[in-house]
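Student: Sharing a structure with you now.
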Amino acid sequence: MSKWECTVCGWIYDPQVGDPSQGIQPGTPFEDLPDSWVCPECGAPKDMFEELG
């Protein structure tokens with residue numbers, strides 16, 4: 001599973017960690033995050049993230 005970076009603030013979404021602050025369980029791929037999910041650091045929407053190589 002790929003990590004994704006917020007292009008606004010640089011926060012990294014790591015699927016192995018998930019996002020406990022928003023109830024996202026570890027092991028959740030970025031593609032499976034709800035469309036309403038936002039960056040926990042700056043509030044940027046999901047479409048502001050880029051996949052890291």
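If you're wondering about the labels, chains in the structure tokens are A, B, ... by order shown, residues count from 1 in each chain, ligands from 1 in order shown.
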Could you list, as a list in words, every residue within 10 Å of range 37-52 of chain A, counting only C-alpha atoms and ignoring same-chain residues fewer than 5 positions away?

Tutor: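 What passes the distance filter is Ser2, Lys3, Trp4, Glu5, Cys6, Thr7, Val8, Cys9, Gly10, Trp11, Ile12, Tyr13, Asp19, Pro20, Ser21, Gln22, Ile24, Phe30 and Glu31 of chain A.
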
Student: Can you check which residues of chain A DSSP gives as helix (DSSP H, G or I) on the backbone and send them as a compact mmCIF listing (two decimals) with N, CA and C atoms, in the first residue's frame?

Tutor:
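Saved result, result.txt, follows:
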# COMPACT_ATOMS: atom_id res chain seq x y z
N PRO A 20 -6.21 7.51 13.27
CA PRO A 20 -7.05 7.31 14.46
C PRO A 20 -7.88 8.53 14.84
N SER A 21 -7.38 9.73 14.51
CA SER A 21 -8.11 10.95 14.88
C SER A 21 -9.46 11.05 14.17
N GLN A 22 -9.60 10.32 13.05
CA GLN A 22 -10.85 10.35 12.30
C GLN A 22 -11.48 8.96 12.18
N PHE A 30 -5.46 4.31 1.00
CA PHE A 30 -5.91 5.68 0.74
C PHE A 30 -7.18 5.69 -0.12
N GLU A 31 -7.21 4.80 -1.10
CA GLU A 31 -8.34 4.74 -2.03
C GLU A 31 -9.66 4.41 -1.32
N ASP A 32 -9.56 3.76 -0.15
CA ASP A 32 -10.76 3.37 0.59
C ASP A 32 -11.21 4.41 1.61
N LYS A 46 -9.26 15.33 0.33
CA LYS A 46 -8.56 14.13 -0.17
C LYS A 46 -7.90 14.36 -1.53
N ASP A 47 -8.52 15.18 -2.38
CA ASP A 47 -7.96 15.39 -3.73
C ASP A 47 -6.72 16.27 -3.74
N MET A 48 -6.29 16.73 -2.58
CA MET A 48 -5.06 17.52 -2.48
C MET A 48 -3.86 16.64 -2.09

Student: When you look at Val17 in chain A with a cut-off of 8 Å (counting only C-alpha atoms), what residues show up, excluding the ones that are within fewer than 4 positions of it in the same chain? I need them as a ChimeraX atom specification.

Tutor: /A:13,25-27

Student: Take the residues from that selection and put them in a file with N, CA and C atoms, as an mmCIF file, in the first residue's frame.

Tutor:
data_model
loop_
_atom_site.group_PDB
_atom_site.id
_atom_site.type_symbol
_atom_site.label_atom_id
_atom_site.label_comp_id
_atom_site.auth_asym_id
_atom_site.auth_seq_id
_atom_site.Cartn_x
_atom_site.Cartn_y
_atom_site.Cartn_z
ATOM 1 N N TYR A 13 -0.045 10.397 4.769
ATOM 2 C CA TYR A 13 -0.986 9.344 5.153
ATOM 3 C C TYR A 13 -0.301 8.008 4.934
ATOM 4 N N GLN A 25 -9.037 2.989 10.526
ATOM 5 C CA GLN A 25 -8.285 1.869 11.090
ATOM 6 C C GLN A 25 -6.969 1.643 10.345
ATOM 7 N N PRO A 26 -5.934 1.170 11.055
ATOM 8 C CA PRO A 26 -4.695 0.760 10.381
ATOM 9 C C PRO A 26 -5.009 -0.287 9.312
ATOM 10 N N GLY A 27 -4.286 -0.207 8.200
ATOM 11 C CA GLY A 27 -4.505 -1.144 7.100
ATOM 12 C C GLY A 27 -5.492 -0.632 6.058
#
